[in-house]
>>> print(open('target_36.tsv').read())   # TSV, C-alpha atoms
chain	number	residue	atom	x	y	z
Q	1	ALA	CA	-23.46	-6.77	-3.21
Q	2	HIS	CA	-21.38	-9.49	-4.82
Q	3	GLU	CA	-23.27	-9.16	-8.10
Q	4	LEU	CA	-22.94	-5.37	-7.96
Q	5	PHE	CA	-19.21	-5.81	-7.34
Q	6	HIS	CA	-18.88	-7.73	-10.62
Q	7	ILE	CA	-20.78	-5.03	-12.52
Q	8	VAL	CA	-18.65	-2.21	-11.07
Q	9	VAL	CA	-15.39	-4.00	-11.86
Q	10	MET	CA	-16.47	-4.73	-15.42
Q	11	ALA	CA	-17.61	-1.13	-15.94
Q	12	LEU	CA	-14.36	0.33	-14.58
Q	13	MET	CA	-12.19	-1.90	-16.74
Q	14	HIS	CA	-14.32	-1.10	-19.78
Q	15	GLU	CA	-13.78	2.63	-19.22
Q	16	LEU	CA	-10.04	2.22	-18.61
Q	17	ARG	CA	-9.68	0.19	-21.81
Q	18	MET	CA	-12.06	2.37	-23.83
Q	19	TRP	CA	-9.95	3.09	-26.86
Q	20	CYS	CA	-11.57	4.05	-30.14
Q	21	GLU	CA	-12.80	1.25	-32.37
Q	22	PRO	CA	-11.13	0.69	-35.77
Q	23	MET	CA	-12.44	2.81	-38.61
Q	24	SER	CA	-12.48	2.23	-42.35
Q	25	LEU	CA	-9.66	3.89	-44.31
Q	26	LEU	CA	-12.34	5.29	-46.60
Q	27	GLU	CA	-13.46	7.58	-43.76
Q	28	VAL	CA	-10.03	9.10	-43.10
Q	29	GLY	CA	-10.69	11.97	-45.46
Q	30	VAL	CA	-13.86	12.87	-43.58
Q	31	ILE	CA	-12.06	12.83	-40.23
Q	32	GLU	CA	-9.25	15.06	-41.51
Q	33	ARG	CA	-11.80	17.80	-42.14
Q	34	LEU	CA	-13.51	17.55	-38.71
Q	35	PRO	CA	-12.58	19.67	-35.70
Q	36	LEU	CA	-11.19	17.65	-32.78
Q	37	ARG	CA	-14.32	18.20	-30.66
Q	38	ASP	CA	-16.48	16.69	-33.43
Q	39	LEU	CA	-14.44	13.54	-33.93
Q	40	PRO	CA	-16.51	10.34	-33.71
Q	41	SER	CA	-15.87	7.96	-30.83
Q	42	ARG	CA	-13.96	5.61	-33.11
Q	43	THR	CA	-10.36	5.36	-34.13
Q	44	ALA	CA	-8.58	7.09	-36.89
Q	45	VAL	CA	-7.66	10.58	-35.81
Q	46	PRO	CA	-5.48	13.02	-37.74
Q	47	ARG	CA	-1.78	13.12	-36.84
Q	48	TRP	CA	-2.02	16.70	-35.60
Q	49	ALA	CA	-4.65	15.67	-33.03
Q	50	VAL	CA	-2.72	12.82	-31.41
Q	51	GLN	CA	-1.08	14.99	-28.75
Q	52	ALA	CA	-4.40	16.69	-27.97
Q	53	LEU	CA	-6.30	13.48	-27.22
Q	54	PRO	CA	-7.49	13.13	-23.61
Q	55	PHE	CA	-5.27	10.96	-21.41
Q	56	ARG	CA	-6.35	7.34	-20.99
Q	57	PHE	CA	-5.10	4.81	-18.49
Q	58	GLU	CA	-3.44	1.92	-20.26
Q	59	VAL	CA	-4.21	-1.15	-18.13
Q	60	GLU	CA	-3.16	-4.64	-19.18
Q	61	HIS	CA	-5.54	-6.27	-16.73
Q	62	SER	CA	-7.49	-5.44	-13.62
Q	63	PRO	CA	-5.65	-5.78	-10.28
Q	64	LEU	CA	-8.54	-8.08	-9.31
Q	65	ASP	CA	-8.14	-10.22	-12.42
Q	66	GLY	CA	-6.73	-13.71	-11.89
Q	67	LEU	CA	-6.56	-16.85	-13.98
Q	68	LEU	CA	-7.83	-20.27	-12.89
Q	69	CYS	CA	-6.89	-23.57	-14.46
Q	70	SER	CA	-9.10	-26.65	-14.30
Q	71	GLN	CA	-7.84	-30.06	-15.34
Q	72	MET	CA	-9.29	-33.55	-15.24
Q	73	ALA	CA	-7.35	-36.83	-14.97
Q	74	CYS	CA	-8.51	-40.43	-15.28
Q	75	THR	CA	-7.89	-42.49	-12.16
Q	76	ALA	CA	-7.67	-45.69	-14.22
Q	77	CYS	CA	-5.13	-44.84	-16.94
Q	78	LYS	CA	-3.73	-41.62	-15.36
Q	79	HIS	CA	-4.34	-39.69	-18.58
Q	80	CYS	CA	-4.77	-35.93	-18.16
Q	81	ARG	CA	-7.12	-34.00	-20.37
Q	82	ALA	CA	-6.16	-30.60	-21.75
Q	83	PRO	CA	-6.58	-27.91	-19.11
Q	84	THR	CA	-9.23	-25.21	-19.37
Q	85	TYR	CA	-8.66	-21.64	-18.24
Q	86	SER	CA	-11.04	-19.02	-16.87
Q	87	HIS	CA	-10.64	-15.48	-15.59
Q	88	PHE	CA	-12.00	-14.41	-12.22
Q	89	ASP	CA	-12.25	-11.24	-10.17
Q	90	SER	CA	-13.36	-13.03	-6.99
Q	91	LEU	CA	-13.49	-16.55	-5.60
Q	92	SER	CA	-16.76	-17.74	-4.03
Q	93	LEU	CA	-16.21	-19.92	-0.95
Q	94	SER	CA	-18.90	-22.18	0.51
Q	95	LEU	CA	-19.45	-22.60	4.22
Q	96	PRO	CA	-19.52	-26.25	5.35
Q	97	GLN	CA	-23.01	-27.30	6.39
Q	98	CYS	CA	-21.77	-28.23	9.85
Q	99	TYR	CA	-21.08	-24.51	10.47
Q	100	TRP	CA	-24.39	-23.14	9.18
Q	101	SER	CA	-26.27	-22.84	12.46
Q	102	THR	CA	-23.52	-23.10	15.06
Q	103	GLY	CA	-21.77	-20.41	17.05
Q	104	MET	CA	-18.37	-21.70	15.97
Q	105	THR	CA	-15.84	-19.66	13.99
Q	106	VAL	CA	-14.51	-21.16	10.78
Q	107	PRO	CA	-10.96	-20.22	9.64
Q	108	LEU	CA	-10.78	-18.65	6.20
Q	109	PRO	CA	-7.84	-20.88	5.07
Q	110	SER	CA	-10.02	-23.98	5.57
Q	111	LEU	CA	-12.63	-22.55	3.18
Q	112	ILE	CA	-9.89	-21.87	0.63
Q	113	ARG	CA	-8.57	-25.42	0.94
Q	114	SER	CA	-12.08	-26.76	0.33
Q	115	PHE	CA	-12.39	-24.62	-2.80
Q	116	PHE	CA	-9.17	-26.00	-4.31
Q	117	HIS	CA	-9.67	-29.56	-3.07
Q	118	ALA	CA	-9.74	-32.02	-5.99
Q	119	GLU	CA	-13.18	-33.56	-6.55
Q	120	VAL	CA	-13.99	-36.98	-7.97
Q	121	LEU	CA	-16.32	-37.27	-10.98
Q	122	GLU	CA	-17.83	-40.70	-11.55
Q	123	GLY	CA	-18.76	-42.37	-14.83
Q	124	VAL	CA	-16.85	-40.13	-17.24
Q	125	GLU	CA	-16.04	-41.42	-20.74
Q	126	CYS	CA	-12.29	-41.76	-21.24
Q	127	ASP	CA	-10.81	-41.65	-24.75
Q	128	SER	CA	-7.46	-42.89	-23.48
Q	129	CYS	CA	-9.03	-45.97	-21.89
Q	130	ALA	CA	-10.90	-46.62	-25.16
Q	131	GLN	CA	-7.67	-46.48	-27.13
Q	132	ARG	CA	-5.97	-48.84	-24.70
Q	133	ARG	CA	-8.89	-51.26	-24.98
Q	134	SER	CA	-8.72	-51.13	-28.78
Q	135	LEU	CA	-5.00	-51.90	-28.71
Q	136	VAL	CA	-5.51	-54.84	-26.38
Q	137	LEU	CA	-8.35	-56.26	-28.49
Q	138	ALA	CA	-6.33	-55.78	-31.66
Q	139	ALA	CA	-3.43	-57.67	-30.10
Q	140	VAL	CA	-5.62	-60.68	-29.30
Q	141	GLY	CA	-7.55	-60.50	-32.58
Q	142	GLY	CA	-10.73	-59.08	-31.05
Q	143	SER	CA	-12.98	-56.19	-32.07
Q	144	ASP	CA	-14.79	-53.25	-30.47
Q	145	ALA	CA	-18.04	-54.20	-32.21
Q	146	ALA	CA	-19.24	-56.14	-29.18
Q	147	SER	CA	-18.95	-53.05	-26.95
Q	148	PRO	CA	-19.04	-49.90	-29.12
Q	149	SER	CA	-19.51	-47.52	-26.19
Q	150	LYS	CA	-16.47	-45.91	-24.62
Q	151	PRO	CA	-15.39	-47.20	-21.23
Q	152	ARG	CA	-16.27	-45.05	-18.26
Q	153	ALA	CA	-14.01	-44.31	-15.31
Q	154	ASN	CA	-13.67	-41.99	-12.37
Q	155	PHE	CA	-11.91	-38.68	-12.97
Q	156	THR	CA	-10.30	-36.26	-10.56
Q	157	LYS	CA	-10.84	-32.58	-11.25
Q	158	ALA	CA	-8.21	-30.22	-9.85
Q	159	VAL	CA	-8.37	-26.42	-9.85
Q	160	GLY	CA	-5.34	-24.19	-9.42
Q	161	LEU	CA	-4.19	-20.61	-9.84
Q	162	VAL	CA	-2.22	-19.87	-12.98
Q	163	ARG	CA	-1.99	-16.12	-12.47
Q	164	MET	CA	-2.61	-14.65	-9.04
Q	165	PRO	CA	-4.26	-11.23	-8.87
Q	166	ASP	CA	-2.63	-8.24	-7.22
Q	167	SER	CA	-5.80	-7.75	-5.17
Q	168	LEU	CA	-7.49	-10.96	-4.06
Q	169	CYS	CA	-11.25	-10.83	-3.42
Q	170	LEU	CA	-12.85	-13.74	-1.55
Q	171	HIS	CA	-16.64	-14.02	-1.39
Q	172	VAL	CA	-18.16	-16.13	1.40
Q	173	GLN	CA	-21.44	-17.67	0.25
Q	174	ARG	CA	-23.97	-17.21	3.07
Q	175	LEU	CA	-27.36	-17.52	1.37
Q	176	TYR	CA	-28.79	-21.02	1.11
Q	177	TRP	CA	-32.16	-22.47	0.20
Q	178	MET	CA	-34.04	-24.69	2.60
Q	179	ASN	CA	-36.07	-27.76	1.62
Q	180	ASN	CA	-39.27	-25.71	1.79
Q	181	GLY	CA	-37.91	-23.28	-0.80
Q	182	MET	CA	-37.28	-20.43	1.67
Q	183	PRO	CA	-33.93	-18.58	1.69
Q	184	TRP	CA	-31.77	-18.77	4.80
Q	185	LYS	CA	-28.65	-16.81	5.68
Q	186	SER	CA	-25.80	-18.18	7.78
Q	187	GLN	CA	-24.33	-15.88	10.44
Q	188	THR	CA	-21.20	-17.99	11.00
Q	189	SER	CA	-18.10	-15.98	11.87
Q	190	VAL	CA	-15.05	-16.31	9.64
Q	191	ALA	CA	-11.57	-15.73	11.07
Q	192	CYS	CA	-9.42	-13.99	8.46
Q	193	PRO	CA	-5.65	-14.12	9.05
Q	194	ARG	CA	-3.57	-11.00	8.60
Q	195	THR	CA	-1.27	-12.85	6.20
Q	196	LEU	CA	-2.42	-15.38	3.60
Q	197	ASP	CA	-0.14	-17.62	1.55
Q	198	MET	CA	-1.76	-18.67	-1.75
Q	199	SER	CA	1.29	-20.35	-3.28
Q	200	PRO	CA	0.15	-23.90	-2.31
Q	201	TYR	CA	-2.76	-23.45	-4.73
Q	202	SER	CA	-0.61	-22.62	-7.74
Q	203	HIS	CA	-1.39	-24.96	-10.63
Q	204	ARG	CA	1.30	-27.15	-12.15
Q	205	TYR	CA	0.37	-28.85	-15.42
Q	206	ASN	CA	1.84	-32.27	-16.18
Q	207	GLN	CA	0.65	-34.30	-19.18
Q	208	SER	CA	1.95	-37.60	-17.83
Q	209	SER	CA	0.57	-37.51	-14.31
Q	210	GLN	CA	-2.45	-36.32	-12.41
Q	211	PRO	CA	-2.83	-32.55	-11.97
Q	212	THR	CA	-2.11	-31.42	-8.45
Q	213	ASN	CA	-1.62	-28.15	-6.67
Q	214	THR	CA	1.83	-27.23	-5.44
Q	215	SER	CA	2.41	-28.22	-1.85
Q	216	ALA	CA	3.62	-25.58	0.56
Q	217	SER	CA	6.81	-27.51	1.29
Q	218	THR	CA	7.92	-27.44	-2.37
Q	219	VAL	CA	7.47	-23.69	-2.86
Q	220	SER	CA	10.58	-21.56	-2.53
Q	221	THR	CA	10.62	-18.19	-0.83
Q	222	GLU	CA	10.84	-16.41	-4.20
Q	223	GLN	CA	7.76	-18.24	-5.53
Q	224	ARG	CA	5.51	-17.61	-2.55
Q	225	ALA	CA	2.44	-15.48	-3.14
Q	226	THR	CA	1.77	-13.77	0.17
Q	227	TYR	CA	-1.20	-11.50	0.72
Q	228	GLN	CA	-1.96	-8.97	3.45
Q	229	LEU	CA	-5.49	-8.46	4.76
Q	230	LYS	CA	-6.84	-5.03	3.81
Q	231	ALA	CA	-10.61	-4.94	4.19
Q	232	ILE	CA	-13.68	-7.00	5.09
Q	233	VAL	CA	-17.26	-6.31	4.02
Q	234	VAL	CA	-19.95	-7.51	6.44
Q	235	HIS	CA	-23.69	-7.75	5.77
Q	236	ARG	CA	-25.95	-7.11	8.74
Q	237	GLY	CA	-29.46	-8.41	8.30
Q	238	GLY	CA	-31.33	-11.35	6.86
Q	239	PRO	CA	-31.79	-12.79	3.37
Q	240	GLY	CA	-34.43	-10.17	2.56
Q	241	GLY	CA	-32.27	-7.11	3.18
Q	242	GLY	CA	-29.94	-5.37	5.56
Q	243	HIS	CA	-26.98	-3.03	5.79
Q	244	TYR	CA	-23.35	-3.31	4.69
Q	245	ILE	CA	-20.40	-2.15	6.77
Q	246	THR	CA	-16.67	-2.30	6.07
Q	247	TYR	CA	-13.74	-3.14	8.30
Q	248	ARG	CA	-10.59	-1.48	6.95
Q	249	CYS	CA	-7.02	-1.51	8.18
Q	250	GLY	CA	-5.16	1.77	8.59
Q	251	VAL	CA	-3.24	3.24	5.68
Q	252	ASN	CA	-0.16	4.29	7.63
Q	253	ASP	CA	-0.52	2.07	10.70
Q	254	LYS	CA	-1.47	-1.41	9.49
Q	255	SER	CA	-2.13	-2.63	13.02
Q	256	ARG	CA	-5.09	-0.28	13.49
Q	257	TRP	CA	-8.55	-1.18	12.19
Q	258	TYR	CA	-11.60	0.95	11.49
Q	259	CYS	CA	-15.31	0.27	10.98
Q	260	ALA	CA	-17.03	2.34	8.27
Q	261	SER	CA	-20.82	2.45	8.23
Q	262	ASP	CA	-22.09	5.12	5.84
Q	263	ALA	CA	-20.69	8.40	7.21
Q	264	SER	CA	-19.70	6.91	10.58
Q	265	VAL	CA	-16.08	5.76	11.01
Q	266	GLN	CA	-14.70	4.48	14.30
Q	267	GLU	CA	-11.64	2.57	15.39
Q	268	ILE	CA	-12.19	-1.05	16.45
Q	269	SER	CA	-10.11	-3.86	17.90
Q	270	TRP	CA	-8.53	-6.69	15.95
Q	271	GLU	CA	-10.56	-9.17	18.03
Q	272	ARG	CA	-13.77	-7.66	16.66
Q	273	VAL	CA	-12.45	-8.08	13.12
Q	274	GLN	CA	-11.66	-11.73	13.81
Q	275	SER	CA	-15.16	-12.47	15.09
Q	276	CYS	CA	-17.11	-10.83	12.27
Q	277	ALA	CA	-19.35	-12.63	9.78
Q	278	ALA	CA	-17.22	-11.79	6.74
Q	279	TYR	CA	-19.10	-11.57	3.45
Q	280	MET	CA	-16.35	-10.27	1.16
Q	281	VAL	CA	-12.67	-10.25	2.07
Q	282	PHE	CA	-9.96	-8.24	0.29
Q	283	TYR	CA	-6.26	-9.06	0.36
Q	284	GLU	CA	-3.38	-7.22	-1.30
Q	285	LYS	CA	-0.37	-9.06	-2.65
Q	286	THR	CA	2.82	-8.06	-0.87
Q	287	GLY	CA	5.32	-6.20	-2.98
Q	288	VAL	CA	2.67	-4.74	-5.30
Q	289	ARG	CA	3.08	-1.05	-5.96
Q	290	SER	CA	0.72	-0.53	-8.88
Q	291	PRO	CA	-1.51	2.58	-8.61
Q	292	GLN	CA	-4.49	0.54	-9.88
Q	293	CYS	CA	-4.13	-1.87	-6.95
Q	294	ARG	CA	-3.92	0.96	-4.44
Q	295	ALA	CA	-7.02	2.55	-6.00
Q	296	VAL	CA	-9.00	-0.63	-5.40
Q	297	LEU	CA	-7.95	-1.04	-1.80
>>> encode(input="target_36.tsv", output="structure tokens")
Amino acid sequence: AHELFHIVVMALMHELRMWCEPMSLLEVGVIERLPLRDLPSRTAVPRWAVQALPFRFEVEHSPLDGLLCSQMACTACKHCRAPTYSHFDSLSLSLPQCYWSTGMTVPLPSLIRSFFHAEVLEGVECDSCAQRRSLVLAAVGGSDAASPSKPRANFTKAVGLVRMPDSLCLHVQRLYWMNNGMPWKSQTSVACPRTLDMSPYSHRYNQSSQPTNTSASTVSTEQRATYQLKAIVVHRGGPGGGHYITYRCGVNDKSRWYCASDASVQEISWERVQSCAAYMVFYEKTGVRSPQCRAVL
């Protein structure tokens, strides 16, 4: 389902952005003589046909599209490498191994904190440390010939959100592989809060110090990125197959929740939502009024 979700999102955005491809100016004369219905699926159209073109949605980016920033910093010299950026339409969260086979319920915010927690990489070559070593050796009349390899140090790798999506999709990884090579699915329940604050995970880039995420105490009210829970997808079954159901909050009454399973829709309690084994969780950013966002959720 998660892989299919990626394919559907990519296909929808491709169709919404499907403008004609550029065409050679040498072909303009041919296009001028063609009826509108026979125009090729590429650009250049005659001026008289502009108003008759079918309407296309002009979308800058998908409501699910966000931007992640990853940055590494040396723990020895405190030098920060240039950040790298990557787009995402969902964040995959891993369940801690201590929750795999227990009847405990894990809070969703703890999984998010684990995702953005800075990790330590050992034995990474540091250009800044090499330059410092060269300067020190040059000052004492030494040379790098004795140790041509670059010095290695521990690096911290921090991940943060540069642009937060209007619709946040969180995927809970439940399929794991055992030592014998067999797949195993965790049935651990995940408690999803009604309101989720993602502002502590906003990335702040600083060339002179280690990259860190913004703490909740330093974020003003205007900068907070608050999300409201909208829907949860649950997979019933094992690693070999099963059935998907959806828990969805009411459109007019946000306090009411419904369970949709194929053609069957029934109202359920909030307690049942809190005790479900969430597979994909959808949040909507508060204050968003875009029609694309409402279409997704």
>>> closest_residue(input="target_36.tsv", among="Q:Val273, Q:Cys74, Q:Ile268, Q:Leu196", to="Leu170 in chain Q", atoms="only C-alpha atoms")
Q:Leu196
>>> closest_residue(input="target_36.tsv", among="Q:Ser167, Q:Ser92, Q:Ser114, Q:Ser264", to="Tyr279 in chain Q", atoms="all atoms listed in the file")
Q:Ser92
>>> closest_residue(input="target_36.tsv", among="Q:Gly242, Q:Arg236, Q:Arg194, Q:Glu271", to="Lys254 in chain Q", atoms="all atoms listed in the file")
Q:Arg194
>>> axis_aligned_box(input="target_36.tsv", around="range 259-272 of chain Q", padding_each_side="8 Å", output="AutoDock Vina command-line options")
--center_x -15.3 --center_y -0.4 --center_z 11.9 --size_x 29.6 --size_y 33.6 --size_z 28.2
>>> closest_residue(input="target_36.tsv", among="Q:Pro151, Q:Trp177, Q:Gln187, Q:Val120", to="Tyr99 in chain Q", atoms="all atoms listed in the file")
Q:Gln187
>>> atom_distance(input="target_36.tsv", atom1="CA of Val8 in chain Q", atom2="CA of Ser189 in chain Q")
26.8 Å
>>> closest_residue(input="target_36.tsv", among="Q:Met72, Q:Cys192, Q:Met198, Q:Met280", to="Gln173 in chain Q", atoms="all atoms listed in the file")
Q:Met280
>>> residues_around(input="target_36.tsv", residues="His6 in chain Q", least_positions_apart="6", cutoff="10 Å", atoms="all atoms listed in the file", output="list of chain:residue names")
Q:Phe88, Q:Asp89, Q:Ser90
>>> atom_distance(input="target_36.tsv", atom1="CA of Thr226 in chain Q", atom2="CA of Arg272 in chain Q")
23.5 Å
>>> atom_distance(input="target_36.tsv", atom1="CA of Leu93 in chain Q", atom2="CA of Val172 in chain Q")
4.9 Å
